[in-house]
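As stored in protein00.tsv (TSV, C-alpha atoms):
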chain	number	residue	atom	x	y	z
B	1	MET	CA	88.48	133.71	180.61
B	2	THR	CA	87.11	134.52	184.04
B	3	GLN	CA	87.35	132.25	187.02
B	4	SER	CA	85.87	132.11	190.47
B	5	PRO	CA	87.75	133.64	193.42
B	6	GLY	CA	90.17	131.36	195.22
B	7	MET	CA	91.01	129.26	192.15
B	8	SER	CA	94.76	129.95	192.51
B	9	ASP	CA	94.64	128.49	196.01
B	10	LEU	CA	92.76	125.49	194.66
B	11	VAL	CA	95.50	124.92	192.05
B	12	LYS	CA	98.18	124.82	194.76
B	13	GLU	CA	96.08	122.36	196.75
B	14	LEU	CA	95.42	120.07	193.77
B	15	GLU	CA	99.06	119.89	192.63
B	16	THR	CA	99.72	117.27	195.31
B	17	LYS	CA	96.60	115.22	194.56
B	18	THR	CA	96.22	112.18	192.32
B	19	PRO	CA	94.51	112.64	188.91
B	20	GLU	CA	91.40	110.86	190.23
B	21	GLU	CA	91.19	113.21	193.22
B	22	VAL	CA	91.65	116.28	191.01
B	23	ALA	CA	88.92	115.05	188.65
B	24	ASP	CA	86.56	114.61	191.60
B	25	ALA	CA	87.40	118.09	192.91
B	26	LEU	CA	86.66	119.69	189.52
B	27	ALA	CA	83.36	117.88	189.04
B	28	GLY	CA	80.59	120.45	188.90
B	29	LYS	CA	82.94	123.43	188.49
B	30	ALA	CA	82.26	126.01	185.83
B	31	PRO	CA	84.01	125.35	182.49
B	32	ASP	CA	86.19	128.47	182.87
B	33	ASP	CA	87.30	127.30	186.31
B	34	VAL	CA	88.10	123.82	184.98
B	35	GLN	CA	90.23	125.23	182.17
B	36	PHE	CA	91.92	127.68	184.57
B	37	VAL	CA	93.00	124.84	186.87
B	38	LEU	CA	94.11	122.48	184.10
B	39	SER	CA	96.19	125.17	182.39
B	40	ARG	CA	98.21	125.64	185.57
B	41	LEU	CA	98.81	122.02	186.47
B	42	PRO	CA	101.90	120.19	185.15
B	43	THR	CA	101.28	118.90	181.64
B	44	ASP	CA	101.38	115.19	182.53
B	45	GLN	CA	99.05	115.65	185.48
B	46	ALA	CA	96.62	117.77	183.44
B	47	LEU	CA	96.43	115.11	180.70
B	48	ALA	CA	95.72	112.40	183.27
B	49	VAL	CA	93.03	114.54	184.89
B	50	VAL	CA	91.37	115.19	181.50
B	51	SER	CA	91.25	111.44	180.88
B	52	HIS	CA	89.48	110.81	184.18
B	53	MET	CA	87.10	113.74	183.70
B	54	ALA	CA	86.11	112.44	180.26
B	55	GLU	CA	85.10	109.17	181.93
B	56	ARG	CA	83.41	110.54	185.04
B	57	ALA	CA	81.89	113.85	184.00
B	58	GLU	CA	78.15	113.95	184.52
B	59	ASP	CA	77.68	117.50	183.35
B	60	GLU	CA	77.78	117.41	179.55
B	61	ALA	CA	78.55	121.13	179.33
B	62	ASN	CA	81.70	120.74	181.39
B	63	THR	CA	82.79	117.71	179.40
B	64	THR	CA	82.38	119.62	176.15
B	65	ALA	CA	84.42	122.50	177.50
B	66	VAL	CA	87.32	120.26	178.49
B	67	VAL	CA	87.35	117.62	175.77
B	68	SER	CA	85.52	119.08	172.82
B	69	GLY	CA	87.65	117.66	170.01
B	70	VAL	CA	85.71	119.63	167.39
B	71	GLU	CA	88.04	122.58	166.81
B	72	ALA	CA	89.01	122.95	163.16
B	73	GLU	CA	91.87	125.45	163.51
B	74	ILE	CA	94.50	126.17	166.14
B	75	GLY	CA	93.13	129.66	166.74
B	76	GLU	CA	90.11	128.16	168.48
B	77	LEU	CA	92.36	126.81	171.24
B	78	MET	CA	94.34	130.03	171.63
B	79	THR	CA	94.60	132.03	174.86
B	80	PRO	CA	96.25	135.47	175.36
B	81	ALA	CA	100.05	135.45	175.52
B	82	PRO	CA	101.06	136.67	179.01
B	83	ALA	CA	104.66	137.66	178.25
B	84	VAL	CA	105.47	139.50	175.00
B	85	ILE	CA	108.52	141.72	175.30
B	86	PRO	CA	110.78	143.68	172.88
B	87	ALA	CA	114.22	142.29	172.04
B	88	SER	CA	115.80	145.59	173.17
B	89	LYS	CA	114.91	144.88	176.81
B	90	THR	CA	117.56	143.52	179.14
B	91	VAL	CA	117.40	140.35	181.21
B	92	ALA	CA	117.01	142.48	184.34
B	93	GLU	CA	114.00	144.25	182.84
B	94	ALA	CA	112.45	140.93	181.88
B	95	ILE	CA	112.87	139.61	185.43
B	96	ALA	CA	111.35	142.83	186.78
B	97	TYR	CA	108.40	142.31	184.45
B	98	LEU	CA	108.11	138.76	185.74
B	99	VAL	CA	108.10	139.89	189.38
B	100	LYS	CA	105.38	142.47	188.75
B	101	THR	CA	103.14	139.97	186.95
B	102	THR	CA	100.04	139.05	188.92
B	103	ASP	CA	100.35	135.34	188.24
B	104	MET	CA	103.79	134.07	187.22
B	105	THR	CA	102.48	130.52	186.72
B	106	GLU	CA	100.94	131.66	183.43
B	107	ILE	CA	104.37	132.40	181.95
B	108	THR	CA	106.38	129.56	180.41
B	109	TYR	CA	108.26	131.52	177.75
B	110	PHE	CA	108.95	135.17	176.99
B	111	PHE	CA	108.03	135.83	173.37
B	112	VAL	CA	110.64	138.27	172.06
B	113	THR	CA	109.62	140.73	169.35
B	114	ASP	CA	111.14	143.32	167.06
B	115	ASN	CA	108.65	145.94	165.90
B	116	ALA	CA	105.90	143.62	167.16
B	117	THR	CA	107.21	140.74	164.98
B	118	LEU	CA	108.10	137.48	166.75
B	119	ILE	CA	111.84	136.83	166.43
B	120	GLY	CA	112.63	134.57	169.39
B	121	VAL	CA	111.67	132.97	172.68
B	122	VAL	CA	113.41	132.91	176.05
B	123	GLY	CA	112.83	130.13	178.56
B	124	MET	CA	112.92	130.67	182.31
B	125	ARG	CA	116.15	128.71	182.75
B	126	ASP	CA	117.99	130.79	180.14
B	127	LEU	CA	116.63	133.97	181.68
B	128	LEU	CA	117.82	133.12	185.19
B	129	LEU	CA	121.27	131.96	184.07
B	130	ALA	CA	121.95	135.02	181.90
B	131	LYS	CA	123.71	138.20	183.03
B	132	PRO	CA	121.27	140.96	184.07
B	133	SER	CA	122.83	143.39	181.59
B	134	GLN	CA	122.43	141.13	178.57
B	135	LEU	CA	119.81	141.97	175.99
B	136	LEU	CA	117.05	139.47	175.37
B	137	SER	CA	118.19	139.33	171.75
B	138	GLU	CA	121.45	137.83	173.01
B	139	VAL	CA	119.92	134.99	175.05
B	140	MET	CA	116.82	134.15	173.03
B	141	VAL	CA	116.30	131.16	170.74
B	142	ALA	CA	115.99	132.80	167.34
B	143	GLU	CA	113.42	131.95	164.65
B	144	PRO	CA	111.12	129.94	166.93
B	145	PHE	CA	108.42	127.64	165.65
B	146	ALA	CA	104.95	129.22	165.77
B	147	PHE	CA	101.43	128.36	164.69
B	148	HIS	CA	99.26	130.62	162.56
B	149	THR	CA	95.68	131.22	163.57
B	150	ASP	CA	94.44	129.28	160.53
B	151	THR	CA	96.74	126.27	161.03
B	152	PRO	CA	94.51	123.17	160.65
B	153	MET	CA	94.13	121.14	163.81
B	154	SER	CA	95.36	118.00	162.05
B	155	GLU	CA	98.69	119.68	161.29
B	156	ALA	CA	98.92	121.19	164.76
B	157	VAL	CA	98.65	117.85	166.57
B	158	LYS	CA	101.32	116.35	164.32
B	159	GLU	CA	103.67	119.22	165.15
B	160	ALA	CA	102.93	118.79	168.86
B	161	LEU	CA	103.87	115.11	168.69
B	162	TYR	CA	107.09	115.99	166.89
B	163	ARG	CA	108.18	118.97	169.02
B	164	HIS	CA	106.80	118.30	172.53
B	165	TYR	CA	106.80	121.97	173.56
B	166	PRO	CA	104.73	122.96	176.62
B	167	VAL	CA	103.56	126.20	174.94
B	168	TYR	CA	103.36	127.31	171.29
B	169	PRO	CA	103.14	130.95	170.14
B	170	VAL	CA	100.39	131.85	167.67
B	171	VAL	CA	101.05	134.58	165.11
B	172	ASP	CA	99.10	136.37	162.40
B	173	ASP	CA	100.08	136.93	158.77
B	174	MET	CA	102.47	139.71	159.86
B	175	GLN	CA	104.24	137.32	162.29
B	176	GLN	CA	102.93	139.33	165.22
B	177	VAL	CA	102.15	137.41	168.43
B	178	ILE	CA	98.43	137.27	169.08
B	179	GLY	CA	98.27	134.42	171.59
B	180	GLU	CA	99.57	131.03	172.67
B	181	VAL	CA	98.38	127.42	172.80
B	182	ARG	CA	99.15	125.03	175.65
B	183	GLY	CA	100.65	121.69	174.62
B	184	TRP	CA	98.26	119.71	176.84
B	185	LYS	CA	95.31	120.98	174.83
B	186	LEU	CA	96.81	119.51	171.66
B	187	TYR	CA	97.49	116.18	173.38
B	188	GLU	CA	93.88	116.21	174.55
B	189	ARG	CA	92.81	116.59	170.92
B	190	ILE	CA	95.07	113.67	169.91
B	191	ALA	CA	93.47	111.43	172.53
B	192	THR	CA	90.01	112.44	171.28
B	193	GLU	CA	90.98	111.75	167.66
B	194	LEU	CA	92.35	108.28	168.41
B	195	SER	CA	89.37	107.32	170.56
B	196	ALA	CA	87.00	108.26	167.72
B	197	GLN	CA	88.69	106.05	165.12
B	198	ALA	CA	87.38	102.73	166.41
B	199	GLY	CA	83.76	103.79	165.90
B	200	SER	CA	84.42	105.64	162.67
B	201	GLN	CA	85.76	102.50	161.00
B	202	VAL	CA	82.35	100.81	161.30
B	203	GLY	CA	80.25	103.82	160.32
B	204	VAL	CA	79.75	105.41	163.76
B	205	ALA	CA	80.11	109.18	163.45
B	206	ARG	CA	82.60	110.98	165.65
B	207	GLU	CA	79.80	113.19	166.97
B	208	GLU	CA	77.71	110.24	168.21
B	209	GLN	CA	77.75	109.60	171.96
B	210	VAL	CA	75.95	107.10	174.19
B	211	SER	CA	73.30	109.77	174.86
B	212	THR	CA	72.62	110.49	171.15
B	213	PRO	CA	68.87	110.06	170.37
B	214	VAL	CA	67.82	107.00	168.36
B	215	PHE	CA	66.80	108.82	165.17
B	216	ALA	CA	69.90	111.02	165.19
B	217	ALA	CA	72.08	107.91	165.52
B	218	PHE	CA	70.03	106.25	162.75
B	219	ARG	CA	70.77	109.14	160.36
B	220	MET	CA	74.47	108.88	161.12
B	221	ARG	CA	74.79	105.10	160.77
B	222	HIS	CA	72.27	104.00	158.14
B	223	PRO	CA	73.92	105.54	155.02
B	224	TRP	CA	77.11	103.59	155.68
B	225	LEU	CA	75.16	100.37	156.11
B	226	LEU	CA	73.64	100.93	152.67
B	227	VAL	CA	77.10	101.52	151.20
B	228	ASN	CA	78.29	98.32	152.86
B	229	LEU	CA	75.33	96.42	151.40
B	230	ILE	CA	76.14	97.62	147.89
B	231	THR	CA	79.80	96.62	148.19
B	232	ALA	CA	78.79	93.24	149.62
B	233	PHE	CA	76.87	92.56	146.39
B	234	ALA	CA	80.19	92.83	144.54
B	235	ALA	CA	81.69	90.05	146.67
B	236	ALA	CA	78.54	87.95	146.21
B	237	PHE	CA	78.82	88.42	142.43
B	238	VAL	CA	82.38	87.03	142.45
B	239	VAL	CA	81.29	83.96	144.42
B	240	GLY	CA	78.37	83.49	142.04
B	241	MET	CA	80.76	83.33	139.09
B	242	PHE	CA	82.15	80.09	140.54
B	243	GLU	CA	78.81	78.54	141.46
B	244	ASP	CA	79.57	75.42	139.41
B	245	THR	CA	82.88	74.93	141.26
B	246	ILE	CA	81.20	75.17	144.66
B	247	THR	CA	78.50	72.75	143.55
B	248	ARG	CA	81.06	70.15	142.47
B	249	VAL	CA	83.42	70.67	145.44
B	250	VAL	CA	81.08	71.41	148.34
B	251	ALA	CA	83.98	71.39	150.82
B	252	LEU	CA	85.06	74.78	149.48
B	253	ALA	CA	81.88	76.40	150.79
B	254	ALA	CA	82.81	75.50	154.37
B	255	PHE	CA	86.13	77.32	154.10
B	256	LEU	CA	84.90	80.53	152.43
B	257	PRO	CA	84.12	82.26	155.79
B	258	VAL	CA	87.42	81.01	157.24
B	259	LEU	CA	89.36	82.63	154.42
B	260	ALA	CA	87.30	85.83	154.53
B	261	GLY	CA	87.71	86.11	158.31
B	262	GLN	CA	91.48	85.66	158.30
B	263	SER	CA	92.15	88.01	155.40
B	264	GLY	CA	89.74	90.57	156.86
B	265	ASN	CA	91.53	90.53	160.21
B	266	THR	CA	94.90	90.93	158.50
B	267	GLY	CA	93.59	93.92	156.57
B	268	CYS	CA	92.11	95.51	159.70
B	269	GLN	CA	95.46	95.22	161.47
B	270	ALA	CA	97.21	97.01	158.60
B	271	LEU	CA	94.39	99.57	158.47
B	272	ALA	CA	94.69	100.33	162.19
B	273	ILE	CA	98.43	100.91	161.94
B	274	THR	CA	98.03	103.11	158.85
B	275	LEU	CA	95.30	105.24	160.42
B	276	ARG	CA	97.35	105.64	163.58
B	277	GLY	CA	100.36	106.70	161.51
B	278	MET	CA	98.26	109.22	159.57
B	279	THR	CA	96.75	110.68	162.74
B	280	LEU	CA	100.08	111.00	164.54
B	281	GLY	CA	101.99	112.23	161.48
B	282	GLN	CA	104.34	109.24	161.50
B	283	LEU	CA	104.09	108.70	157.74
B	284	LYS	CA	106.24	111.79	157.23
B	285	ASP	CA	109.26	109.93	158.61
B	286	PHE	CA	108.19	106.44	157.48
B	287	PRO	CA	107.48	106.42	153.72
B	288	VAL	CA	104.44	104.61	152.38
B	289	HIS	CA	106.54	102.22	150.28
B	290	ARG	CA	108.32	101.00	153.42
B	291	LEU	CA	104.99	100.45	155.16
B	292	LEU	CA	103.73	98.55	152.11
B	293	SER	CA	106.84	96.37	152.09
B	294	LYS	CA	106.40	95.64	155.78
B	295	GLU	CA	102.73	94.67	155.39
B	296	ILE	CA	103.46	92.47	152.36
B	297	ARG	CA	106.07	90.52	154.32
B	298	LEU	CA	103.81	90.28	157.37
B	299	GLY	CA	100.91	89.13	155.19
B	300	ALA	CA	103.03	86.48	153.50
B	301	LEU	CA	104.39	85.14	156.80
B	302	ASN	CA	101.06	85.17	158.64
B	303	GLY	CA	99.12	83.90	155.63
B	304	PHE	CA	101.47	80.99	155.01
B	305	LEU	CA	101.53	79.82	158.64
B	306	VAL	CA	97.77	80.19	159.06
B	307	GLY	CA	97.32	78.62	155.63
B	308	LEU	CA	99.24	75.52	156.70
B	309	VAL	CA	96.83	74.99	159.59
B	310	ALA	CA	93.79	75.71	157.42
B	311	GLY	CA	95.16	73.49	154.63
B	312	ALA	CA	95.59	70.58	157.04
B	313	ALA	CA	92.04	71.14	158.27
B	314	MET	CA	90.77	71.17	154.68
B	315	TYR	CA	92.65	67.94	153.95
B	316	GLY	CA	91.03	66.23	156.94
B	317	TYR	CA	87.59	67.62	156.11
B	318	ALA	CA	87.92	66.48	152.47
B	319	LEU	CA	88.81	62.95	153.57
B	320	MET	CA	85.81	62.78	155.92
B	321	THR	CA	83.37	64.06	153.33
B	322	GLY	CA	84.82	62.14	150.39
B	323	ALA	CA	85.73	65.24	148.41
B	324	VAL	CA	87.88	64.94	145.31
B	325	GLN	CA	91.66	65.40	145.52
B	326	PRO	CA	91.99	66.28	149.25
B	327	VAL	CA	95.72	67.00	148.92
B	328	MET	CA	95.16	69.53	146.14
B	329	LEU	CA	92.34	71.13	148.16
B	330	GLY	CA	94.77	71.60	151.05
B	331	VAL	CA	97.32	73.16	148.70
B	332	VAL	CA	94.66	75.50	147.30
B	333	ILE	CA	93.82	76.71	150.81
B	334	VAL	CA	97.50	77.37	151.65
B	335	ILE	CA	98.10	79.38	148.45
B	336	ALA	CA	94.79	81.24	148.69
B	337	MET	CA	95.32	82.13	152.37
B	338	THR	CA	98.82	83.45	151.68
B	339	GLY	CA	97.69	85.52	148.70
B	340	ALA	CA	94.62	86.84	150.51
B	341	CYS	CA	96.61	87.97	153.56
B	342	ILE	CA	99.20	89.69	151.37
B	343	SER	CA	96.55	91.56	149.38
B	344	SER	CA	94.57	92.52	152.48
B	345	GLY	CA	97.72	94.01	154.04
B	346	VAL	CA	98.30	96.04	150.88
B	347	PHE	CA	94.70	97.26	150.83
B	348	GLY	CA	94.90	98.09	154.54
B	349	VAL	CA	97.61	100.62	153.67
B	350	LEU	CA	96.39	101.91	150.30
B	351	VAL	CA	92.67	102.33	151.01
B	352	PRO	CA	92.91	105.02	153.75
B	353	ILE	CA	95.71	106.86	151.94
B	354	THR	CA	93.70	106.87	148.69
B	355	LEU	CA	90.52	108.03	150.42
B	356	LYS	CA	92.37	110.88	152.10
B	357	ARG	CA	93.89	111.92	148.80
B	358	PHE	CA	90.38	112.21	147.30
B	359	GLY	CA	89.11	114.23	150.25
B	360	ALA	CA	87.15	111.51	152.08
B	361	ASP	CA	87.51	110.69	155.78
B	362	PRO	CA	89.75	107.60	155.82
B	363	ALA	CA	88.65	106.55	159.30
B	364	THR	CA	84.98	106.50	158.36
B	365	ALA	CA	85.03	104.82	154.96
B	366	SER	CA	88.14	102.60	154.98
B	367	SER	CA	86.71	99.56	156.73
B	368	ILE	CA	83.78	99.23	154.32
B	369	PHE	CA	85.94	99.26	151.19
B	370	LEU	CA	88.64	97.13	152.82
B	371	THR	CA	86.13	94.39	153.63
B	372	THR	CA	84.89	94.34	150.03
B	373	PHE	CA	88.36	94.17	148.52
B	374	THR	CA	89.58	91.42	150.87
B	375	ASP	CA	86.45	89.32	150.27
B	376	ILE	CA	86.69	89.64	146.51
B	377	ILE	CA	90.41	88.88	146.37
B	378	GLY	CA	90.41	86.12	149.00
B	379	MET	CA	87.33	84.17	147.96
B	380	GLY	CA	87.90	84.85	144.27
B	381	LEU	CA	91.47	83.57	144.49
B	382	MET	CA	90.48	80.38	146.30
B	383	LEU	CA	87.68	79.53	143.89
B	384	PHE	CA	89.85	80.38	140.86
B	385	LEU	CA	92.64	78.13	142.08
B	386	ALA	CA	90.20	75.31	142.80
B	387	THR	CA	88.72	75.65	139.33
B	388	THR	CA	92.07	75.61	137.50
B	389	MET	CA	93.94	73.06	139.70
B	390	ILE	CA	91.23	70.54	140.51
B	391	LEU	CA	88.38	70.63	137.97

Would you write the structure of this file as structure tokens?
Amino acid sequence: MTQSPGMSDLVKELETKTPEEVADALAGKAPDDVQFVLSRLPTDQALAVVSHMAERAEDEANTTAVVSGVEAEIGELMTPAPAVIPASKTVAEAIAYLVKTTDMTEITYFFVTDNATLIGVVGMRDLLLAKPSQLLSEVMVAEPFAFHTDTPMSEAVKEALYRHYPVYPVVDDMQQVIGEVRGWKLYERIATELSAQAGSQVGVAREEQVSTPVFAAFRMRHPWLLVNLITAFAAAFVVGMFEDTITRVVALAAFLPVLAGQSGNTGCQALAITLRGMTLGQLKDFPVHRLLSKEIRLGALNGFLVGLVAGAAMYGYALMTGAVQPVMLGVVIVIAMTGACISSGVFGVLVPITLKRFGADPATASSIFLTTFTDIIGMGLMLFLATTMIL
């Protein structure tokens, strides 16, 4: 990476600025200059600056360089490792190496090797507190965590969230250091991933931006609308099976969208939490069965309380319209609402996990299938209960 002259002075000047001021100062700079500055700012400040640049950038090329979010493997984010040193060197020799380095700000860790194989890392604090005569092998942290060049980006961001290191070494198949990755770049990718989920859940591709041409956006969105139409026919078929019930108890028709809306929202809440857990790697420490148990209890509690309100409303509506057995209609709504919210919470967890297991993108397809399942279960349950308990 090459940068314009005077960029080191600019870094020193920007370190005291607010993220908004730094973002303004970097507007219009070459992509290499932008990355040079961000890599030398404190991690928290760099992340804040990236956020503001993503919002303000007018030059699409610069925005792509800073927040691309399309890398598939960790090797694509890698930069050269500035400090790789044999374990046989002493602390004094390492400090001498540090002093002779043209830009010390590039060095966060010394990567310690034995016959070119990574065996440890030494932080600046440990280096300065050690005796000059000690060998690096005596003060290093042995068996450090490292990425491989082919580590998938999804795994890399999960490790970054778990470990919180400022810099990660990257090694090849022989465990030889070939570069490093800054932690802020992985956090940038996490932010990009999370921001893309909201659109993906309704069939908006991650690649689509506000400036995407109409026909390109049409090609990205339309196939999912067709899939949604097909699944909607399944819900319509279930309702059609109980056409006679709806005809005889017209009041039920007024509460079908109420039930579908509440169960759908419950499912979307569970879906959002599950997708967030999958993206951030939280499901490693929080088993799926515990998440299912949590969503079942939440669905039962929310469904019952909402069902009481909806049941009272159904009772009043049935009295006004002269419907048969208003009390039983209210009971049907309470039971159906509780069951629908429980099932939608379960589907909100299982649908994205199942899609991922079969190789599909859970963020893109989950919402469509979730809506179908919640409509079928919720409306089908209400009409079935009305048929068996009232007619």

Interatomic distance, atom CA of B:Gly179 to atom CA of B:Thr149 (Å, one decimal):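 One can read the atom CA of B:Gly179 to atom CA of B:Thr149 distance as 9.0 Å.
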
Top pick for closest residue to B:Glu180, considering B:Phe215, B:Tyr317, B:Phe36, B:Phe110 and counting all atoms listed in the file: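 Nearest candidate to B:Glu180 out of B:Phe215, B:Tyr317, B:Phe36, B:Phe110: B:Phe110.
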
Which residues of stretch 122-183 of chain B have any atom within 12 Å of an atom in stretch 80-103 of chain B when counting only C-alpha atoms, and what is the closest pair of atoms for each, with the distance in Å to one decimal? Order the rows by chain and rising number and write it as a Markdown table.
| residue | atom | partner | partner_atom | distance |
| --- | --- | --- | --- | --- |
| B:Val122 | CA | B:Val91 | CA | 9.9 |
| B:Gly123 | CA | B:Ala83 | CA | 11.1 |
| B:Met124 | CA | B:Ile95 | CA | 9.5 |
| B:Arg125 | CA | B:Ile95 | CA | 11.7 |
| B:Asp126 | CA | B:Val91 | CA | 9.6 |
| B:Leu127 | CA | B:Val91 | CA | 6.4 |
| B:Leu128 | CA | B:Ile95 | CA | 8.2 |
| B:Leu129 | CA | B:Val91 | CA | 9.7 |
| B:Ala130 | CA | B:Val91 | CA | 7.0 |
| B:Lys131 | CA | B:Val91 | CA | 6.9 |
| B:Pro132 | CA | B:Ala92 | CA | 4.5 |
| B:Ser133 | CA | B:Thr90 | CA | 5.8 |
| B:Gln134 | CA | B:Thr90 | CA | 5.5 |
| B:Leu135 | CA | B:Thr90 | CA | 4.2 |
| B:Leu136 | CA | B:Ala87 | CA | 5.2 |
| B:Ser137 | CA | B:Ala87 | CA | 5.0 |
| B:Glu138 | CA | B:Ala87 | CA | 8.6 |
| B:Val139 | CA | B:Val91 | CA | 8.5 |
| B:Met140 | CA | B:Ala87 | CA | 8.6 |
| B:Val141 | CA | B:Ala87 | CA | 11.4 |
| B:Ala142 | CA | B:Ala87 | CA | 10.7 |
| B:Val167 | CA | B:Ala81 | CA | 9.9 |
| B:Tyr168 | CA | B:Ala81 | CA | 9.8 |
| B:Pro169 | CA | B:Ala81 | CA | 7.7 |
| B:Val170 | CA | B:Ala81 | CA | 8.6 |
| B:Val171 | CA | B:Ala81 | CA | 10.5 |
| B:Gln176 | CA | B:Val84 | CA | 10.1 |
| B:Val177 | CA | B:Ala81 | CA | 7.6 |
| B:Ile178 | CA | B:Ala81 | CA | 6.9 |
| B:Gly179 | CA | B:Pro80 | CA | 4.4 |
| B:Glu180 | CA | B:Ala81 | CA | 5.3 |
| B:Val181 | CA | B:Ala81 | CA | 8.6 |
| B:Arg182 | CA | B:Ala81 | CA | 10.5 |

Residue selection dump (C-alpha atoms) as an mmCIF file, in the frame of the given file:
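Result saved to out-v9.cif:
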data_model
loop_
_atom_site.group_PDB
_atom_site.id
_atom_site.type_symbol
_atom_site.label_atom_id
_atom_site.label_comp_id
_atom_site.auth_asym_id
_atom_site.auth_seq_id
_atom_site.Cartn_x
_atom_site.Cartn_y
_atom_site.Cartn_z
ATOM 1 C CA VAL B 122 113.410 132.910 176.050
ATOM 2 C CA GLY B 123 112.830 130.130 178.560
ATOM 3 C CA MET B 124 112.920 130.670 182.310
ATOM 4 C CA ARG B 125 116.150 128.710 182.750
ATOM 5 C CA ASP B 126 117.990 130.790 180.140
ATOM 6 C CA LEU B 127 116.630 133.970 181.680
ATOM 7 C CA LEU B 128 117.820 133.120 185.190
ATOM 8 C CA LEU B 129 121.270 131.960 184.070
ATOM 9 C CA ALA B 130 121.950 135.020 181.900
ATOM 10 C CA LYS B 131 123.710 138.200 183.030
ATOM 11 C CA PRO B 132 121.270 140.960 184.070
ATOM 12 C CA SER B 133 122.830 143.390 181.590
ATOM 13 C CA GLN B 134 122.430 141.130 178.570
ATOM 14 C CA LEU B 135 119.810 141.970 175.990
ATOM 15 C CA LEU B 136 117.050 139.470 175.370
ATOM 16 C CA SER B 137 118.190 139.330 171.750
ATOM 17 C CA GLU B 138 121.450 137.830 173.010
ATOM 18 C CA VAL B 139 119.920 134.990 175.050
ATOM 19 C CA MET B 140 116.820 134.150 173.030
ATOM 20 C CA VAL B 141 116.300 131.160 170.740
ATOM 21 C CA ALA B 142 115.990 132.800 167.340
ATOM 22 C CA VAL B 167 103.560 126.200 174.940
ATOM 23 C CA TYR B 168 103.360 127.310 171.290
ATOM 24 C CA PRO B 169 103.140 130.950 170.140
ATOM 25 C CA VAL B 170 100.390 131.850 167.670
ATOM 26 C CA VAL B 171 101.050 134.580 165.110
ATOM 27 C CA GLN B 176 102.930 139.330 165.220
ATOM 28 C CA VAL B 177 102.150 137.410 168.430
ATOM 29 C CA ILE B 178 98.430 137.270 169.080
ATOM 30 C CA GLY B 179 98.270 134.420 171.590
ATOM 31 C CA GLU B 180 99.570 131.030 172.670
ATOM 32 C CA VAL B 181 98.380 127.420 172.800
ATOM 33 C CA ARG B 182 99.150 125.030 175.650
#

Test item: residues at most 9 Å from stretch 293-300 of chain B, all atoms listed in the file, excluding those fewer than 2 positions along its chain, as a list in words: Ser263, Thr266, Gly267, Ala270, Val288, His289, Arg290, Leu291, Asn302, Gly303, Phe304, Leu305, Met337, Thr338, Gly339, Ala340, Cys341, Ile342, Ser343, Ser344, Gly345, Val346, Gly348 and Val349 of chain B

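Our summary of the geometry notes that atom CA of B:Arg219 is positioned 22.5 Å from atom CA of B:Phe233.
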
Between atom CA of B:Ser367 and atom CA of B:Ala232 - distance in Å to one decimal: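 For atom CA of B:Ala232 relative to atom CA of B:Ser367, the distance reads 12.4 Å.
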
Contacts of B:Ala235 within 9 Å, only C-alpha atoms, excl. fewer than 2 positions in-chain, as a list in words: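 With the cut-off at 9 Å, the set is Thr231, Ala232, Phe233, Phe237, Val238, Val239, Gly240, Thr372, Phe373, Asp375, Ile376, Ile377, Met379 and Gly380 of chain B.
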
Residues within 12 Å of B:Leu391, only C-alpha atoms, excluding chain neighbours under 4 positions, as a PyMOL selection string: chain B and resi 242+244-249+324-325+328-329+383-387

Shell around B:Gly311 at 10 Å using all atoms listed in the file, local window under 2 positions removed, as an NGL selection string: :B and (255 or 304-309 or 313-317 or 326-337)

Counting all atoms listed in the file, the residue of B:Ala360, B:Val227, B:Ile368, B:Ala260 that sits nearest B:Leu381: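 The closest residue to B:Leu381 is B:Ala260.
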
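Comparing the minimum interatomic distances between B:Thr374 and each of B:Cys268, B:Ala216, B:Met278, B:Lys356, counting all atoms listed in the file, we find that B:Cys268 sits nearest.
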
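Neighbouring residues of B:Lys12 at 10 Å or closer, counting all atoms listed in the file and skipping chain neighbours under 3 positions away, are B:Met7, B:Ser8, B:Asp9, B:Glu15, B:Thr16, B:Lys17, B:Val37, B:Arg40, B:Leu41.
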
Shortest interatomic distance to B:Val351 - which of B:Arg276, B:Leu271, B:Leu301, B:Gly281, counting only C-alpha atoms: B:Leu271
